[in-house]
Amino acid sequence: MPDTATRLSHVLVADDEPHIGRIIKMKLEQGPFKVSLAYDGEEALELINSDEGVDLALLDLMMPNMSGLEVLRQLRRDSATKTMRVVVLTNMGDAETAEQVYKLKADDYIIKAEMTPKEVSAKVKKLLG
């Protein structure tokens, strides 16, 4: 019988670049976290809405079907997900993008070109306590 007290925190990684998602997933699973992958914004929302156990979402800004910003907007509008932890991943490090992300109440912001899997894992651990 599984012990529910040892439930792993569930992290969703949503990025349309499969290799980035897999690298982050491998590092987070060492965390240890349960990790799900989504490859576009619509798939990310479906996973979040179908599994109430998602504790934190890592969202790429530039995804097909629905951007990470739109996913974040929808999460913040929904009472069931408005307090979900969200970290935005982006290739755009400009001030305007950062302002949009924080205006929508993302918990953190990571520029892909500067990130390492270790850094992502550390941010996730910090946010999930």
# chains A, B, ... in the order shown; residues from 1 in each chain; ligands from 1

call {"tool": "residues_around", "arguments": {"residues": "segment 87-92 of chain A", "least_positions_apart": "3", "cutoff": "9 Å", "atoms": "only C-alpha atoms", "output": "CSV table (one decimal) with N, CA and C atoms, in the first residue's frame"}}
result
chain,number,residue,atom,x,y,z
A,15,ASP,N,7.3,22.8,-23.0
A,15,ASP,CA,8.3,23.4,-24.0
A,15,ASP,C,8.1,22.7,-25.3
A,56,LEU,N,3.7,22.8,-9.7
A,56,LEU,CA,4.4,23.8,-10.3
A,56,LEU,C,4.5,23.6,-11.8
A,57,ALA,N,4.4,24.7,-12.6
A,57,ALA,CA,4.5,24.6,-14.1
A,57,ALA,C,5.7,25.4,-14.5
A,58,LEU,N,6.5,24.8,-15.4
A,58,LEU,CA,7.6,25.5,-16.1
A,58,LEU,C,7.0,25.7,-17.5
A,59,LEU,N,6.8,27.0,-17.9
A,59,LEU,CA,6.2,27.3,-19.1
A,59,LEU,C,7.1,28.1,-20.1
A,60,ASP,N,7.3,27.5,-21.2
A,60,ASP,CA,8.0,28.2,-22.3
A,60,ASP,C,7.1,29.3,-22.8
A,61,LEU,N,7.6,30.5,-23.1
A,61,LEU,CA,6.7,31.5,-23.6
A,61,LEU,C,6.3,31.3,-25.0
A,62,MET,N,7.2,30.8,-25.9
A,62,MET,CA,6.9,30.7,-27.3
A,62,MET,C,6.6,29.2,-27.6
A,68,GLY,N,2.9,30.5,-23.7
A,68,GLY,CA,3.1,30.4,-22.3
A,68,GLY,C,2.4,31.5,-21.5
A,69,LEU,N,2.4,32.7,-22.1
A,69,LEU,CA,1.7,33.9,-21.5
A,69,LEU,C,0.2,33.6,-21.4
A,72,LEU,N,-0.5,31.1,-18.7
A,72,LEU,CA,-0.4,31.8,-17.4
A,72,LEU,C,-1.6,32.6,-17.2
A,95,ALA,N,13.3,43.7,-21.1
A,95,ALA,CA,12.5,44.2,-20.0
A,95,ALA,C,11.0,44.1,-20.2
A,97,THR,N,9.3,41.8,-21.8
A,97,THR,CA,8.8,40.4,-21.6
A,97,THR,C,8.8,40.2,-20.1
A,98,ALA,N,9.9,40.6,-19.4
A,98,ALA,CA,9.9,40.4,-17.9
A,98,ALA,C,8.7,41.1,-17.3
A,101,VAL,N,5.5,39.1,-17.8
A,101,VAL,CA,5.6,37.8,-17.0
A,101,VAL,C,5.2,38.1,-15.5
A,106,ALA,N,3.8,35.5,-12.4
A,106,ALA,CA,4.7,34.3,-12.4
A,106,ALA,C,5.6,34.4,-11.2
A,107,ASP,N,6.0,33.2,-10.7
A,107,ASP,CA,6.9,33.2,-9.5
A,107,ASP,C,8.3,33.4,-9.9
A,108,ASP,N,8.7,33.1,-11.1
A,108,ASP,CA,10.1,33.3,-11.5
A,108,ASP,C,10.2,33.3,-13.0
A,109,TYR,N,11.3,33.7,-13.5
A,109,TYR,CA,11.6,33.9,-14.9
A,109,TYR,C,13.0,33.4,-15.2
A,110,ILE,N,13.2,32.5,-16.2
A,110,ILE,CA,14.5,32.0,-16.5
A,110,ILE,C,14.8,32.2,-18.0
A,111,ILE,N,15.9,32.8,-18.3
A,111,ILE,CA,16.3,33.0,-19.7
A,111,ILE,C,17.0,31.7,-20.2
A,112,LYS,N,16.5,31.0,-21.2
A,112,LYS,CA,17.0,29.7,-21.6
A,112,LYS,C,18.5,29.7,-21.9
A,113,ALA,N,18.9,30.8,-22.6
A,113,ALA,CA,20.4,30.8,-23.0
A,113,ALA,C,21.3,30.8,-21.8
A,123,LYS,N,15.7,26.3,-8.5
A,123,LYS,CA,14.5,27.2,-8.4
A,123,LYS,C,13.2,26.5,-8.1
A,124,VAL,N,13.1,25.3,-8.7
A,124,VAL,CA,11.9,24.5,-8.4
A,124,VAL,C,11.9,24.0,-6.9

call {"tool": "residues_around", "arguments": {"residues": "Arg73 of chain A", "least_positions_apart": "3", "cutoff": "12 Å", "atoms": "only C-alpha atoms", "output": "number ranges by chain"}}
result
A: 41, 45, 59, 61, 66-70, 76-79, 81-84, 86, 100-106

call {"tool": "select_by_dssp", "arguments": {"residues": "chain A", "states": "helix (DSSP H, G or I)", "output": "ChimeraX atom specification"}}
result
/A:4-6,18-29,41-50,68-77,95-103,112-114,117-128

call {"tool": "closest_residue", "arguments": {"among": "A:Leu75, A:Leu8, A:Met63, A:Val13", "to": "Gly31 of chain A", "atoms": "only C-alpha atoms"}}
result
A:Leu8

call {"tool": "select_by_dssp", "arguments": {"residues": "chain A", "states": "strand (DSSP E or B)", "output": "PyMOL selection string"}}
result
chain A and resi 10-14+34-38+54-60+85-90+108-111

call {"tool": "closest_residue", "arguments": {"among": "A:Ile48, A:Pro117, A:Pro64, A:Leu128", "to": "Arg22 of chain A", "atoms": "only C-alpha atoms"}}
result
A:Pro117

call {"tool": "atom_distance", "arguments": {"atom1": "atom CA of Asn65 of chain A", "atom2": "atom CA of Lys118 of chain A"}}
result
29.1 Å

call {"tool": "residues_around", "arguments": {"residues": "Leu28 of chain A", "least_positions_apart": "3", "cutoff": "9 Å", "atoms": "only C-alpha atoms", "output": "list in words"}}
result
Val11, Ile23, Ile24, Lys25, Gly31, Pro32, Phe33, Lys34, Val35, Pro117, Lys118, Val120, Ser121 and Val124 of chain A

call {"tool": "write_last_selection", "arguments": {"atoms": "N, CA, C and O atoms", "output": "PDB file, in the first residue's frame"}}
result
ATOM      1  N   VAL A  11       5.679  18.342 -11.147  1.00  0.00           N
ATOM      2  CA  VAL A  11       6.097  19.484 -11.957  1.00  0.00           C
ATOM      3  C   VAL A  11       5.726  19.215 -13.411  1.00  0.00           C
ATOM      4  O   VAL A  11       5.990  18.135 -13.934  1.00  0.00           O
ATOM      5  N   ILE A  23      15.733  17.120 -20.907  1.00  0.00           N
ATOM      6  CA  ILE A  23      16.880  17.421 -20.039  1.00  0.00           C
ATOM      7  C   ILE A  23      16.393  17.910 -18.679  1.00  0.00           C
ATOM      8  O   ILE A  23      16.863  17.464 -17.629  1.00  0.00           O
ATOM      9  N   ILE A  24      15.433  18.835 -18.685  1.00  0.00           N
ATOM     10  CA  ILE A  24      14.890  19.356 -17.429  1.00  0.00           C
ATOM     11  C   ILE A  24      14.195  18.236 -16.653  1.00  0.00           C
ATOM     12  O   ILE A  24      14.366  18.108 -15.439  1.00  0.00           O
ATOM     13  N   LYS A  25      13.448  17.398 -17.362  1.00  0.00           N
ATOM     14  CA  LYS A  25      12.747  16.278 -16.722  1.00  0.00           C
ATOM     15  C   LYS A  25      13.731  15.356 -16.015  1.00  0.00           C
ATOM     16  O   LYS A  25      13.525  14.990 -14.852  1.00  0.00           O
ATOM     17  N   GLY A  31      15.468  15.098  -8.246  1.00  0.00           N
ATOM     18  CA  GLY A  31      15.148  16.078  -7.222  1.00  0.00           C
ATOM     19  C   GLY A  31      14.684  15.595  -5.876  1.00  0.00           C
ATOM     20  O   GLY A  31      15.111  16.135  -4.889  1.00  0.00           O
ATOM     21  N   PRO A  32      13.850  14.644  -5.672  1.00  0.00           N
ATOM     22  CA  PRO A  32      13.050  13.932  -6.669  1.00  0.00           C
ATOM     23  C   PRO A  32      11.669  14.581  -6.840  1.00  0.00           C
ATOM     24  O   PRO A  32      11.034  14.961  -5.877  1.00  0.00           O
ATOM     25  N   PHE A  33      11.273  14.713  -8.073  1.00  0.00           N
ATOM     26  CA  PHE A  33       9.946  15.225  -8.410  1.00  0.00           C
ATOM     27  C   PHE A  33       9.316  14.286  -9.422  1.00  0.00           C
ATOM     28  O   PHE A  33      10.016  13.621 -10.185  1.00  0.00           O
ATOM     29  N   LYS A  34       8.002  14.273  -9.451  1.00  0.00           N
ATOM     30  CA  LYS A  34       7.266  13.624 -10.535  1.00  0.00           C
ATOM     31  C   LYS A  34       7.186  14.689 -11.630  1.00  0.00           C
ATOM     32  O   LYS A  34       6.846  15.841 -11.358  1.00  0.00           O
ATOM     33  N   VAL A  35       7.493  14.320 -12.876  1.00  0.00           N
ATOM     34  CA  VAL A  35       7.534  15.305 -13.958  1.00  0.00           C
ATOM     35  C   VAL A  35       6.700  14.842 -15.141  1.00  0.00           C
ATOM     36  O   VAL A  35       6.803  13.692 -15.571  1.00  0.00           O
ATOM     37  N   PRO A 117      20.333  22.991 -16.181  1.00  0.00           N
ATOM     38  CA  PRO A 117      19.361  22.124 -15.506  1.00  0.00           C
ATOM     39  C   PRO A 117      19.478  22.208 -13.980  1.00  0.00           C
ATOM     40  O   PRO A 117      18.480  22.158 -13.269  1.00  0.00           O
ATOM     41  N   LYS A 118      20.694  22.389 -13.481  1.00  0.00           N
ATOM     42  CA  LYS A 118      20.911  22.510 -12.033  1.00  0.00           C
ATOM     43  C   LYS A 118      20.214  23.761 -11.495  1.00  0.00           C
ATOM     44  O   LYS A 118      19.605  23.735 -10.424  1.00  0.00           O
ATOM     45  N   VAL A 120      17.590  25.313 -12.820  1.00  0.00           N
ATOM     46  CA  VAL A 120      16.148  25.090 -12.880  1.00  0.00           C
ATOM     47  C   VAL A 120      15.714  24.240 -11.686  1.00  0.00           C
ATOM     48  O   VAL A 120      14.736  24.555 -11.000  1.00  0.00           O
ATOM     49  N   SER A 121      16.438  23.180 -11.415  1.00  0.00           N
ATOM     50  CA  SER A 121      16.119  22.313 -10.294  1.00  0.00           C
ATOM     51  C   SER A 121      16.175  23.078  -8.969  1.00  0.00           C
ATOM     52  O   SER A 121      15.287  22.923  -8.113  1.00  0.00           O
ATOM     53  N   VAL A 124      13.067  25.278  -8.659  1.00  0.00           N
ATOM     54  CA  VAL A 124      11.879  24.467  -8.385  1.00  0.00           C
ATOM     55  C   VAL A 124      11.889  24.046  -6.909  1.00  0.00           C
ATOM     56  O   VAL A 124      10.875  24.166  -6.218  1.00  0.00           O
TER      57      VAL A 124
END
